[in-house]
Structures are given as structure tokens and as C-alpha cells.
>>> print(open('upload_14.cif').read())   # mmCIF, C-alpha atoms and all ligand atoms; chains and numbers go by the auth columns
data_query
loop_
_atom_site.group_PDB
_atom_site.id
_atom_site.type_symbol
_atom_site.label_atom_id
_atom_site.label_comp_id
_atom_site.label_asym_id
_atom_site.label_seq_id
_atom_site.Cartn_x
_atom_site.Cartn_y
_atom_site.Cartn_z
_atom_site.B_iso_or_equiv
_atom_site.auth_seq_id
_atom_site.auth_asym_id
ATOM 1 C CA MET A 1 33.786 115.475 49.115 0.00 77 A
ATOM 2 C CA LYS A 2 30.524 114.577 50.833 0.00 78 A
ATOM 3 C CA PHE A 3 29.445 110.980 51.422 0.00 79 A
ATOM 4 C CA PHE A 4 25.885 109.931 50.699 0.00 80 A
ATOM 5 C CA LEU A 5 24.846 106.370 51.475 0.00 81 A
ATOM 6 C CA ASP A 6 23.217 104.598 48.528 0.00 82 A
ATOM 7 C CA THR A 7 20.647 102.478 50.356 0.00 83 A
ATOM 8 C CA ALA A 8 17.156 102.467 51.828 0.00 84 A
ATOM 9 C CA ASN A 9 18.206 100.187 54.701 0.00 85 A
ATOM 10 C CA ILE A 10 17.645 102.004 57.978 0.00 86 A
ATOM 11 C CA GLY A 11 20.089 99.813 59.928 0.00 87 A
ATOM 12 C CA GLN A 12 22.938 100.653 57.538 0.00 88 A
ATOM 13 C CA ILE A 13 21.965 104.333 57.542 0.00 89 A
ATOM 14 C CA LYS A 14 22.017 104.508 61.368 0.00 90 A
ATOM 15 C CA GLU A 15 25.389 102.748 61.515 0.00 91 A
ATOM 16 C CA ILE A 16 27.079 105.104 59.049 0.00 92 A
ATOM 17 C CA ASN A 17 25.395 108.107 60.666 0.00 93 A
ATOM 18 C CA ASP A 18 26.841 107.036 64.045 0.00 94 A
ATOM 19 C CA LEU A 19 30.295 106.991 62.427 0.00 95 A
ATOM 20 C CA GLY A 20 29.776 110.671 61.597 0.00 96 A
ATOM 21 C CA LEU A 21 30.175 110.000 57.900 0.00 97 A
ATOM 22 C CA LEU A 22 26.673 110.562 56.639 0.00 98 A
ATOM 23 C CA ASP A 23 26.016 113.710 54.597 0.00 99 A
ATOM 24 C CA GLY A 24 22.907 112.366 52.881 0.00 100 A
ATOM 25 C CA VAL A 25 21.167 109.314 51.429 0.00 101 A
ATOM 26 C CA THR A 26 20.136 108.288 47.927 0.00 102 A
ATOM 27 C CA THR A 27 17.505 105.699 47.135 0.00 103 A
ATOM 28 C CA ASN A 28 15.961 104.427 43.923 0.00 104 A
ATOM 29 C CA PRO A 29 12.943 102.189 43.219 0.00 105 A
ATOM 30 C CA THR A 30 15.117 99.050 43.361 0.00 106 A
ATOM 31 C CA LEU A 31 16.615 99.969 46.750 0.00 107 A
ATOM 32 C CA ILE A 32 13.168 100.874 48.147 0.00 108 A
ATOM 33 C CA ALA A 33 11.662 97.582 46.885 0.00 109 A
ATOM 34 C CA ARG A 34 14.481 95.631 48.573 0.00 110 A
ATOM 35 C CA GLU A 35 13.298 96.806 52.026 0.00 111 A
ATOM 36 C CA LYS A 36 9.777 95.337 51.530 0.00 112 A
ATOM 37 C CA LYS A 37 8.070 98.287 53.265 0.00 113 A
ATOM 38 C CA LYS A 38 5.799 101.082 52.037 0.00 114 A
ATOM 39 C CA PHE A 39 7.609 103.863 50.134 0.00 115 A
ATOM 40 C CA ARG A 40 6.426 106.709 52.378 0.00 116 A
ATOM 41 C CA GLU A 41 7.159 104.811 55.584 0.00 117 A
ATOM 42 C CA THR A 42 10.700 104.022 54.395 0.00 118 A
ATOM 43 C CA VAL A 43 11.464 107.580 53.269 0.00 119 A
ATOM 44 C CA GLU A 44 10.059 109.194 56.421 0.00 120 A
ATOM 45 C CA GLU A 45 12.047 106.833 58.624 0.00 121 A
ATOM 46 C CA ILE A 46 15.254 107.710 56.730 0.00 122 A
ATOM 47 C CA CYS A 47 14.490 111.441 57.015 0.00 123 A
ATOM 48 C CA SER A 48 14.029 111.108 60.777 0.00 124 A
ATOM 49 C CA VAL A 49 17.661 109.933 61.066 0.00 125 A
ATOM 50 C CA VAL A 50 19.424 111.862 58.303 0.00 126 A
ATOM 51 C CA LYS A 51 19.903 115.631 58.448 0.00 127 A
ATOM 52 C CA GLY A 52 21.249 116.016 54.890 0.00 128 A
ATOM 53 C CA PRO A 53 19.400 115.510 51.606 0.00 129 A
ATOM 54 C CA VAL A 54 17.488 112.255 51.106 0.00 130 A
ATOM 55 C CA SER A 55 16.775 111.392 47.471 0.00 131 A
ATOM 56 C CA ALA A 56 13.465 109.680 46.732 0.00 132 A
ATOM 57 C CA GLU A 57 12.581 108.835 43.139 0.00 133 A
ATOM 58 C CA VAL A 58 9.309 109.350 41.279 0.00 134 A
ATOM 59 C CA ILE A 59 7.907 106.521 39.174 0.00 135 A
ATOM 60 C CA ALA A 60 5.701 108.509 36.755 0.00 136 A
ATOM 61 C CA LEU A 61 7.214 108.936 33.298 0.00 137 A
ATOM 62 C CA ASP A 62 5.170 111.944 32.111 0.00 138 A
ATOM 63 C CA THR A 63 5.739 115.513 33.308 0.00 139 A
ATOM 64 C CA ASP A 64 2.342 115.967 34.981 0.00 140 A
ATOM 65 C CA GLY A 65 2.637 112.676 36.819 0.00 141 A
ATOM 66 C CA MET A 66 6.189 113.496 37.883 0.00 142 A
ATOM 67 C CA LEU A 67 5.104 116.896 39.184 0.00 143 A
ATOM 68 C CA LYS A 68 2.238 115.441 41.212 0.00 144 A
ATOM 69 C CA GLU A 69 4.402 112.694 42.728 0.00 145 A
ATOM 70 C CA ALA A 70 7.357 115.035 43.331 0.00 146 A
ATOM 71 C CA ARG A 71 5.301 117.677 45.156 0.00 147 A
ATOM 72 C CA PHE A 72 3.682 114.969 47.291 0.00 148 A
ATOM 73 C CA VAL A 73 6.976 113.269 48.158 0.00 149 A
ATOM 74 C CA ALA A 74 8.669 116.630 48.865 0.00 150 A
ATOM 75 C CA SER A 75 5.922 117.418 51.406 0.00 151 A
ATOM 76 C CA TRP A 76 6.932 114.434 53.599 0.00 152 A
ATOM 77 C CA ALA A 77 10.087 116.071 55.010 0.00 153 A
ATOM 78 C CA LYS A 78 12.141 119.244 54.604 0.00 154 A
ATOM 79 C CA ASN A 79 15.298 117.454 53.456 0.00 155 A
ATOM 80 C CA ILE A 80 13.847 115.434 50.571 0.00 156 A
ATOM 81 C CA ALA A 81 15.409 115.802 47.137 0.00 157 A
ATOM 82 C CA VAL A 82 13.178 114.371 44.456 0.00 158 A
ATOM 83 C CA LYS A 83 14.920 112.069 42.017 0.00 159 A
ATOM 84 C CA ILE A 84 13.819 112.498 38.409 0.00 160 A
ATOM 85 C CA PRO A 85 15.118 110.462 35.456 0.00 161 A
ATOM 86 C CA MET A 86 16.895 112.125 32.513 0.00 162 A
ATOM 87 C CA THR A 87 14.188 112.337 29.859 0.00 163 A
ATOM 88 C CA PRO A 88 12.554 115.315 28.114 0.00 164 A
ATOM 89 C CA ALA A 89 9.571 114.920 30.471 0.00 165 A
ATOM 90 C CA GLY A 90 11.993 114.780 33.392 0.00 166 A
ATOM 91 C CA ALA A 91 13.868 117.903 32.309 0.00 167 A
ATOM 92 C CA LYS A 92 10.572 119.802 32.001 0.00 168 A
ATOM 93 C CA ALA A 93 9.465 118.645 35.459 0.00 169 A
ATOM 94 C CA THR A 94 12.880 119.522 36.916 0.00 170 A
ATOM 95 C CA LYS A 95 12.673 123.087 35.610 0.00 171 A
ATOM 96 C CA ILE A 96 9.230 123.600 37.178 0.00 172 A
ATOM 97 C CA LEU A 97 10.095 121.904 40.492 0.00 173 A
ATOM 98 C CA SER A 98 13.377 123.834 40.809 0.00 174 A
ATOM 99 C CA SER A 99 11.521 127.118 40.281 0.00 175 A
ATOM 100 C CA GLU A 100 9.212 126.079 43.150 0.00 176 A
ATOM 101 C CA GLY A 101 12.223 125.542 45.426 0.00 177 A
ATOM 102 C CA ILE A 102 12.027 121.737 45.383 0.00 178 A
ATOM 103 C CA LYS A 103 15.487 120.178 45.151 0.00 179 A
ATOM 104 C CA VAL A 104 15.852 117.741 42.254 0.00 180 A
ATOM 105 C CA ASN A 105 18.419 114.996 41.788 0.00 181 A
ATOM 106 C CA MET A 106 18.519 114.186 38.053 0.00 182 A
ATOM 107 C CA THR A 107 19.380 110.532 37.761 0.00 183 A
ATOM 108 C CA LEU A 108 20.460 107.985 35.139 0.00 184 A
ATOM 109 C CA ILE A 109 22.982 110.402 33.610 0.00 185 A
ATOM 110 C CA PHE A 110 25.296 108.685 31.140 0.00 186 A
ATOM 111 C CA SER A 111 26.682 111.523 28.982 0.00 187 A
ATOM 112 C CA LEU A 112 27.974 115.079 29.283 0.00 188 A
ATOM 113 C CA PRO A 113 25.126 116.614 27.228 0.00 189 A
ATOM 114 C CA GLN A 114 22.622 114.904 29.554 0.00 190 A
ATOM 115 C CA ALA A 115 24.439 116.495 32.509 0.00 191 A
ATOM 116 C CA LEU A 116 24.296 119.898 30.783 0.00 192 A
ATOM 117 C CA ILE A 117 20.539 119.529 30.242 0.00 193 A
ATOM 118 C CA ALA A 118 20.108 118.654 33.936 0.00 194 A
ATOM 119 C CA ALA A 119 22.156 121.689 35.012 0.00 195 A
ATOM 120 C CA LYS A 120 20.222 124.010 32.690 0.00 196 A
ATOM 121 C CA ALA A 121 16.935 122.637 34.075 0.00 197 A
ATOM 122 C CA GLY A 122 18.127 123.724 37.530 0.00 198 A
ATOM 123 C CA ALA A 123 18.787 120.292 39.066 0.00 199 A
ATOM 124 C CA LYS A 124 20.508 120.713 42.436 0.00 200 A
ATOM 125 C CA PHE A 125 22.104 117.274 42.093 0.00 201 A
ATOM 126 C CA ILE A 126 23.282 115.495 38.935 0.00 202 A
ATOM 127 C CA SER A 127 24.025 111.777 39.145 0.00 203 A
ATOM 128 C CA PRO A 128 26.315 110.203 36.536 0.00 204 A
ATOM 129 C CA PHE A 129 26.281 106.406 36.972 0.00 205 A
ATOM 130 C CA ILE A 130 29.906 105.294 36.982 0.00 206 A
ATOM 131 C CA GLY A 131 29.606 101.535 37.490 0.00 207 A
ATOM 132 C CA ARG A 132 26.928 101.050 34.860 0.00 208 A
ATOM 133 C CA LEU A 133 29.053 102.947 32.313 0.00 209 A
ATOM 134 C CA ASP A 134 32.118 100.881 33.232 0.00 210 A
ATOM 135 C CA ASP A 135 29.962 97.783 32.626 0.00 211 A
ATOM 136 C CA THR A 136 29.577 98.844 28.975 0.00 212 A
ATOM 137 C CA GLY A 137 33.325 99.349 28.477 0.00 213 A
ATOM 138 C CA GLN A 138 33.200 103.147 28.840 0.00 214 A
ATOM 139 C CA ASP A 139 35.170 104.987 31.524 0.00 215 A
ATOM 140 C CA GLY A 140 32.497 106.190 33.962 0.00 216 A
ATOM 141 C CA MET A 141 34.936 108.268 35.969 0.00 217 A
ATOM 142 C CA GLU A 142 35.890 110.309 32.917 0.00 218 A
ATOM 143 C CA LEU A 143 32.266 111.438 32.750 0.00 219 A
ATOM 144 C CA VAL A 144 32.324 112.503 36.404 0.00 220 A
ATOM 145 C CA ALA A 145 35.465 114.588 35.819 0.00 221 A
ATOM 146 C CA ASP A 146 33.920 116.175 32.696 0.00 222 A
ATOM 147 C CA CYS A 147 30.695 116.992 34.585 0.00 223 A
ATOM 148 C CA VAL A 148 32.634 118.632 37.444 0.00 224 A
ATOM 149 C CA GLU A 149 34.650 120.701 34.970 0.00 225 A
ATOM 150 C CA MET A 150 31.480 121.781 33.164 0.00 226 A
ATOM 151 C CA ILE A 151 29.793 122.890 36.402 0.00 227 A
ATOM 152 C CA HIS A 152 32.823 125.014 37.323 0.00 228 A
ATOM 153 C CA GLU A 153 33.382 126.341 33.790 0.00 229 A
ATOM 154 C CA PHE A 154 29.820 127.610 33.371 0.00 230 A
ATOM 155 C CA GLY A 155 29.139 128.511 37.006 0.00 231 A
ATOM 156 C CA PHE A 156 26.138 126.223 37.574 0.00 232 A
ATOM 157 C CA ASP A 157 24.864 125.787 41.104 0.00 233 A
ATOM 158 C CA SER A 158 24.438 122.003 40.709 0.00 234 A
ATOM 159 C CA GLU A 159 26.473 119.395 42.596 0.00 235 A
ATOM 160 C CA ILE A 160 27.796 116.288 40.886 0.00 236 A
ATOM 161 C CA ILE A 161 27.042 113.012 42.655 0.00 237 A
ATOM 162 C CA ALA A 162 29.314 110.163 41.582 0.00 238 A
ATOM 163 C CA ALA A 163 26.722 107.357 41.611 0.00 239 A
ATOM 164 C CA SER A 164 26.639 103.635 40.876 0.00 240 A
ATOM 165 C CA ILE A 165 29.893 103.249 42.808 0.00 241 A
ATOM 166 C CA ARG A 166 31.073 99.657 43.009 0.00 242 A
ATOM 167 C CA GLY A 167 34.141 99.769 45.259 0.00 243 A
ATOM 168 C CA PRO A 168 36.834 101.791 47.071 0.00 244 A
ATOM 169 C CA LEU A 169 38.735 102.578 43.842 0.00 245 A
ATOM 170 C CA HIS A 170 35.683 104.448 42.530 0.00 246 A
ATOM 171 C CA VAL A 171 35.760 106.503 45.751 0.00 247 A
ATOM 172 C CA VAL A 172 39.451 107.331 45.248 0.00 248 A
ATOM 173 C CA GLN A 173 38.749 108.349 41.648 0.00 249 A
ATOM 174 C CA SER A 174 35.707 110.444 42.694 0.00 250 A
ATOM 175 C CA ILE A 175 37.920 112.408 45.090 0.00 251 A
ATOM 176 C CA GLN A 176 40.514 112.887 42.351 0.00 252 A
ATOM 177 C CA ALA A 177 37.847 113.983 39.859 0.00 253 A
ATOM 178 C CA GLY A 178 36.603 116.641 42.306 0.00 254 A
ATOM 179 C CA ALA A 179 33.093 115.174 42.635 0.00 255 A
ATOM 180 C CA HIS A 180 31.063 117.177 45.145 0.00 256 A
ATOM 181 C CA ILE A 181 29.479 113.993 46.482 0.00 257 A
ATOM 182 C CA ALA A 182 29.954 110.244 46.152 0.00 258 A
ATOM 183 C CA THR A 183 26.945 108.073 46.913 0.00 259 A
ATOM 184 C CA VAL A 184 28.327 104.821 48.151 0.00 260 A
ATOM 185 C CA PRO A 185 26.895 101.407 49.112 0.00 261 A
ATOM 186 C CA TYR A 186 27.339 100.335 52.750 0.00 262 A
ATOM 187 C CA SER A 187 29.886 97.595 51.963 0.00 263 A
ATOM 188 C CA THR A 188 32.077 100.054 50.052 0.00 264 A
ATOM 189 C CA ILE A 189 32.026 102.689 52.782 0.00 265 A
ATOM 190 C CA MET A 190 33.013 100.078 55.390 0.00 266 A
ATOM 191 C CA GLY A 191 35.729 98.836 53.028 0.00 267 A
ATOM 192 C CA LEU A 192 37.286 102.308 53.082 0.00 268 A
ATOM 193 C CA PHE A 193 38.424 101.762 56.676 0.00 269 A
ATOM 194 C CA LYS A 194 40.437 98.696 55.793 0.00 270 A
ATOM 195 C CA HIS A 195 44.164 98.576 55.157 0.00 271 A
ATOM 196 C CA PRO A 196 46.422 95.584 55.933 0.00 272 A
ATOM 197 C CA LEU A 197 49.113 97.940 57.298 0.00 273 A
ATOM 198 C CA THR A 198 46.602 99.406 59.776 0.00 274 A
ATOM 199 C CA ASP A 199 45.772 95.891 61.037 0.00 275 A
ATOM 200 C CA ARG A 200 49.461 94.945 61.183 0.00 276 A
ATOM 201 C CA GLY A 201 50.314 98.188 62.989 0.00 277 A
ATOM 202 C CA ILE A 202 47.655 97.639 65.666 0.00 278 A
ATOM 203 C CA GLU A 203 48.815 94.041 66.129 0.00 279 A
ATOM 204 C CA SER A 204 52.468 95.006 66.627 0.00 280 A
ATOM 205 C CA PHE A 205 51.672 97.922 68.972 0.00 281 A
ATOM 206 C CA MET A 206 49.544 95.608 71.145 0.00 282 A
ATOM 207 C CA LYS A 207 52.241 92.907 71.146 0.00 283 A
ATOM 208 C CA ASP A 208 54.988 95.348 72.204 0.00 284 A
ATOM 209 C CA TRP A 209 52.772 96.884 74.907 0.00 285 A
ATOM 210 C CA ASN A 210 51.812 93.517 76.361 0.00 286 A
ATOM 211 C CA ASN A 211 55.378 92.115 76.175 0.00 287 A
ATOM 212 C CA ALA A 212 56.589 95.117 78.177 0.00 288 A
ATOM 213 C CA GLY A 213 53.939 94.308 80.836 0.00 289 A
ATOM 214 C CA LEU A 214 52.573 97.855 80.754 0.00 290 A
ATOM 215 C CA GLY A 215 49.072 96.792 81.859 0.00 291 A
ATOM 216 C CA SER A 216 45.988 98.968 81.763 0.00 292 A
ATOM 217 C CA ILE A 217 46.052 102.703 80.945 0.00 293 A
ATOM 218 C CA LEU A 218 43.226 103.349 83.422 0.00 294 A
HETATM 219 O O1 LIG B . 23.177 105.648 42.930 0.00 301 A
HETATM 220 C C1 LIG B . 22.862 104.832 41.851 0.00 301 A
HETATM 221 C C2 LIG B . 22.824 103.422 42.254 0.00 301 A
HETATM 222 O O2 LIG B . 21.758 103.166 43.105 0.00 301 A
HETATM 223 C C3 LIG B . 22.877 102.446 41.130 0.00 301 A
HETATM 224 O O3 LIG B . 23.911 101.615 41.449 0.00 301 A
HETATM 225 O O4 LIG B . 25.178 99.555 41.440 0.00 301 A
HETATM 226 O O5 LIG B . 22.773 99.554 40.711 0.00 301 A
HETATM 227 O O6 LIG B . 24.526 100.581 39.281 0.00 301 A
HETATM 228 P P1 LIG B . 24.104 100.239 40.672 0.00 301 A
#
>>> encode(input="upload_14.cif", output="C-alpha cells", more="lines below")
Ligand code: G3P
Amino acid sequence: MKFFLDTANIGQIKEINDLGLLDGVTTNPTLIAREKKKFRETVEEICSVVKGPVSAEVIALDTDGMLKEARFVASWAKNIAVKIPMTPAGAKATKILSSEGIKVNMTLIFSLPQALIAAKAGAKFISPFIGRLDDTGQDGMELVADCVEMIHEFGFDSEIIAASIRGPLHVVQSIQAGAHIATVPYSTIMGLFKHPLTDRGIESFMKDWNNAGLGSIL
């Protein structure tokens, strides 16, 4: 499973990239707004660091507007995937953009039929929002598993991005569900390193080494 970082913060992106964990980045209008910089400046800066796909979302809600914005945004860097919301206008735009070779990430997916529409429109990435479904009392991870099964069953070329991830357990469940990608906030990805037994193990190894007076390795 690939890791995308779900942020527009360049500091976080550089840090996770340096850890060798970064396969791509996803942003949305909220994450872009949080950085208080111009959209293009933010996206180009991210693309200068990240080799994998960088999702940048359109704000137009009609097909023509989406197409204009998507083609413009896609011209900023080779690795941009344009994020388009799941609406009839979005599906129409996705079909056209995909036929032009522009990668589309269809976002705000909350049901299996929506994921099927995205796949049929040719979306390269399909983003079911786990956390936001969980918030309504539905099992978001079940949707991810169903989407993955559908992609395999019907032989679509799309990749399922487990999105709106809220913690390490969602990452575990994304792996188990066979998600192609999980897009994860910075705090969650750093949380994946942590285990009390790792800390305890390091502590006891150091104690034993020092008690034996073994000194420096170098
Ligand atoms: O990748 C989708 C994400 O940006 C939304 O996450 O936590 O706002 O539901 P959240």
C-alpha cells in the first residue's frame, strides 16, 4: 500500500519525504486555505519536492468551469492529479480530462455506486472518505473494501485511496482492505512509528549495554 500525505504543509511534506515514506500528496480547498498562501504557489512548491502524484482540487461546480481549471492546474507540473468532486458535472469533466491524459482523483466518495461512476468515468484515483462516514455511524472501511473488490472484479485501472483517515487503526484497516493507497495526516503517519514495546526495548538494550561498560562502538 502506498502512503500519500494529506496536507498542503511543505514542512510536513519534506519531513515525511526525508523518511522515504512519501508516495504522493493530496490536498483539498480546506488544506490549501490553512497554509495562507496562493494556490498555485503552494501546489508548485509541493510538486518541486514530491515525485509522486499531487492532488489539487478544482473549485468550479460546472463541467466547463471544472475543465478550464483542471487543464490550467494540470499544466503547472507533470505529476499533478486534478481532484474533482463526485457530481454529474464532475463525472462528465472526469471522462473528458481522462481521455486527454489528465489524471483525475474523484473525491467526496461516500457510496459504492459513486465509486463505480468514478471508475467508469476513467478516474485514476477514487477517494472514499472513511472518517466522515464513520462520523455518521456508517462503517467507512467497509466501503473501502467494497471499492477495492469492485475494481478487481471488473478490471478497472483506477486506484482506491482510503481518505479522511483519522488515526493508525484506519491505516491498519486500509492495509487489510487492500486499499492501493492511504492518504494520511502527518500526525497519524508519525503515530505509526510508536509502540510502547519499541520504547521499552530500546531502554533495556541501552541499560544493559551501559551497565556492562561496553562504551562507544566507534
Ligand atoms: O483526504 C480527505 C481529507 O482531506 C478529509 O479528511 O479529516 O477532513 O475528513 P477529514
>>> residues_near_point(input="upload_14.cif", point="(28.0, 113.7, 35.5)", cutoff="12 Å", atoms="all atoms listed in the file", output="PyMOL selection string")
chain A and resi 162+181-195+199+201-206+209+215-227+234-240+250+253-258
>>> atom_distance(input="upload_14.cif", atom1="CA of Leu98 in chain A", atom2="CA of Phe79 in chain A")
5.9 Å
>>> atom_distance(input="upload_14.cif", atom1="CA of Ser280 in chain A", atom2="CA of Gly267 in chain A")
21.9 Å
>>> resolve_selection(input="upload_14.cif", expression="the PyMOL selection byres (((not hetatm)) within 7 of (chain A and resi 301))", output="VMD selection string")
chain A and resid 82 102 to 104 205 207 to 208 239 to 242 259
>>> closest_residue(input="upload_14.cif", among="A:Val125, A:Val130, A:Val247, A:His228", to="Met266 in chain A", atoms="only C-alpha atoms")
A:Val247
>>> decode(input="upload_14.cif", residues="range 224-235 of chain A", atoms="all heavy atoms", output="mmCIF file, in the first residue's frame")
data_model
loop_
_atom_site.group_PDB
_atom_site.id
_atom_site.type_symbol
_atom_site.label_atom_id
_atom_site.label_comp_id
_atom_site.auth_asym_id
_atom_site.auth_seq_id
_atom_site.Cartn_x
_atom_site.Cartn_y
_atom_site.Cartn_z
ATOM 1 N N VAL A 224 -12.404 -1.698 -3.424
ATOM 2 C CA VAL A 224 -11.238 -2.469 -3.886
ATOM 3 C C VAL A 224 -11.710 -3.725 -4.626
ATOM 4 O O VAL A 224 -11.234 -4.038 -5.716
ATOM 5 C CB VAL A 224 -10.325 -2.843 -2.687
ATOM 6 C CG1 VAL A 224 -9.246 -3.834 -3.110
ATOM 7 C CG2 VAL A 224 -9.697 -1.596 -2.080
ATOM 8 N N GLU A 225 -12.697 -4.402 -4.028
ATOM 9 C CA GLU A 225 -13.227 -5.621 -4.648
ATOM 10 C C GLU A 225 -13.823 -5.312 -6.024
ATOM 11 O O GLU A 225 -13.601 -6.038 -6.992
ATOM 12 C CB GLU A 225 -14.296 -6.219 -3.729
ATOM 13 C CG GLU A 225 -14.563 -7.682 -4.001
ATOM 14 C CD GLU A 225 -15.706 -8.205 -3.143
ATOM 15 O OE1 GLU A 225 -15.804 -7.800 -1.972
ATOM 16 O OE2 GLU A 225 -16.496 -9.000 -3.671
ATOM 17 N N MET A 226 -14.550 -4.214 -6.106
ATOM 18 C CA MET A 226 -15.180 -3.829 -7.376
ATOM 19 C C MET A 226 -14.133 -3.560 -8.463
ATOM 20 O O MET A 226 -14.279 -4.010 -9.603
ATOM 21 C CB MET A 226 -16.027 -2.567 -7.161
ATOM 22 C CG MET A 226 -16.667 -2.055 -8.430
ATOM 23 S SD MET A 226 -17.380 -0.421 -8.182
ATOM 24 C CE MET A 226 -15.921 0.604 -8.153
ATOM 25 N N ILE A 227 -13.073 -2.861 -8.093
ATOM 26 C CA ILE A 227 -12.007 -2.533 -9.053
ATOM 27 C C ILE A 227 -11.405 -3.828 -9.608
ATOM 28 O O ILE A 227 -11.190 -3.956 -10.816
ATOM 29 C CB ILE A 227 -10.904 -1.680 -8.356
ATOM 30 C CG1 ILE A 227 -11.450 -0.310 -7.967
ATOM 31 C CG2 ILE A 227 -9.644 -1.544 -9.201
ATOM 32 C CD1 ILE A 227 -11.905 0.546 -9.112
ATOM 33 N N HIS A 228 -11.135 -4.787 -8.694
ATOM 34 C CA HIS A 228 -10.538 -6.050 -9.127
ATOM 35 C C HIS A 228 -11.528 -6.869 -9.953
ATOM 36 O O HIS A 228 -11.193 -7.407 -11.001
ATOM 37 C CB HIS A 228 -10.044 -6.856 -7.917
ATOM 38 C CG HIS A 228 -8.860 -6.210 -7.260
ATOM 39 N ND1 HIS A 228 -8.627 -6.277 -5.916
ATOM 40 C CD2 HIS A 228 -7.867 -5.447 -7.772
ATOM 41 C CE1 HIS A 228 -7.525 -5.598 -5.624
ATOM 42 N NE2 HIS A 228 -7.050 -5.090 -6.735
ATOM 43 N N GLU A 229 -12.768 -6.947 -9.473
ATOM 44 C CA GLU A 229 -13.806 -7.752 -10.119
ATOM 45 C C GLU A 229 -14.022 -7.332 -11.575
ATOM 46 O O GLU A 229 -14.127 -8.155 -12.472
ATOM 47 C CB GLU A 229 -15.103 -7.610 -9.298
ATOM 48 C CG GLU A 229 -16.313 -8.335 -9.836
ATOM 49 C CD GLU A 229 -16.221 -9.847 -9.676
ATOM 50 O OE1 GLU A 229 -15.444 -10.295 -8.809
ATOM 51 O OE2 GLU A 229 -16.919 -10.556 -10.433
ATOM 52 N N PHE A 230 -14.069 -6.013 -11.806
ATOM 53 C CA PHE A 230 -14.405 -5.527 -13.145
ATOM 54 C C PHE A 230 -13.182 -5.068 -13.944
ATOM 55 O O PHE A 230 -13.314 -4.592 -15.068
ATOM 56 C CB PHE A 230 -15.439 -4.396 -13.050
ATOM 57 C CG PHE A 230 -16.757 -4.854 -12.475
ATOM 58 C CD1 PHE A 230 -17.170 -4.443 -11.216
ATOM 59 C CD2 PHE A 230 -17.582 -5.733 -13.174
ATOM 60 C CE1 PHE A 230 -18.361 -4.881 -10.677
ATOM 61 C CE2 PHE A 230 -18.781 -6.181 -12.645
ATOM 62 C CZ PHE A 230 -19.175 -5.751 -11.385
ATOM 63 N N GLY A 231 -12.004 -5.196 -13.346
ATOM 64 C CA GLY A 231 -10.768 -4.898 -14.079
ATOM 65 C C GLY A 231 -10.566 -3.427 -14.410
ATOM 66 O O GLY A 231 -9.987 -3.094 -15.448
ATOM 67 N N PHE A 232 -11.039 -2.527 -13.547
ATOM 68 C CA PHE A 232 -10.785 -1.094 -13.773
ATOM 69 C C PHE A 232 -9.325 -0.772 -13.473
ATOM 70 O O PHE A 232 -8.684 -1.449 -12.660
ATOM 71 C CB PHE A 232 -11.680 -0.232 -12.870
ATOM 72 C CG PHE A 232 -13.132 -0.230 -13.253
ATOM 73 C CD1 PHE A 232 -14.088 -0.770 -12.395
ATOM 74 C CD2 PHE A 232 -13.557 0.305 -14.463
ATOM 75 C CE1 PHE A 232 -15.435 -0.768 -12.735
ATOM 76 C CE2 PHE A 232 -14.901 0.308 -14.817
ATOM 77 C CZ PHE A 232 -15.845 -0.237 -13.945
ATOM 78 N N ASP A 233 -8.865 0.314 -14.094
ATOM 79 C CA ASP A 233 -7.477 0.726 -13.917
ATOM 80 C C ASP A 233 -7.316 1.677 -12.707
ATOM 81 O O ASP A 233 -6.207 2.054 -12.349
ATOM 82 C CB ASP A 233 -7.052 1.440 -15.224
ATOM 83 C CG ASP A 233 -5.578 1.756 -15.240
ATOM 84 O OD1 ASP A 233 -4.817 0.974 -14.654
ATOM 85 O OD2 ASP A 233 -5.199 2.805 -15.807
ATOM 86 N N SER A 234 -8.426 2.045 -12.085
ATOM 87 C CA SER A 234 -8.384 3.041 -11.005
ATOM 88 C C SER A 234 -7.720 2.486 -9.742
ATOM 89 O O SER A 234 -7.699 1.271 -9.531
ATOM 90 C CB SER A 234 -9.811 3.465 -10.625
ATOM 91 O OG SER A 234 -10.617 3.628 -11.752
ATOM 92 N N GLU A 235 -7.205 3.408 -8.928
ATOM 93 C CA GLU A 235 -6.651 3.021 -7.614
ATOM 94 C C GLU A 235 -7.511 3.646 -6.519
ATOM 95 O O GLU A 235 -7.916 4.802 -6.620
ATOM 96 C CB GLU A 235 -5.204 3.502 -7.485
ATOM 97 C CG GLU A 235 -4.268 2.767 -8.428
ATOM 98 C CD GLU A 235 -2.827 3.215 -8.251
ATOM 99 O OE1 GLU A 235 -2.235 2.910 -7.204
ATOM 100 O OE2 GLU A 235 -2.315 3.879 -9.151
#
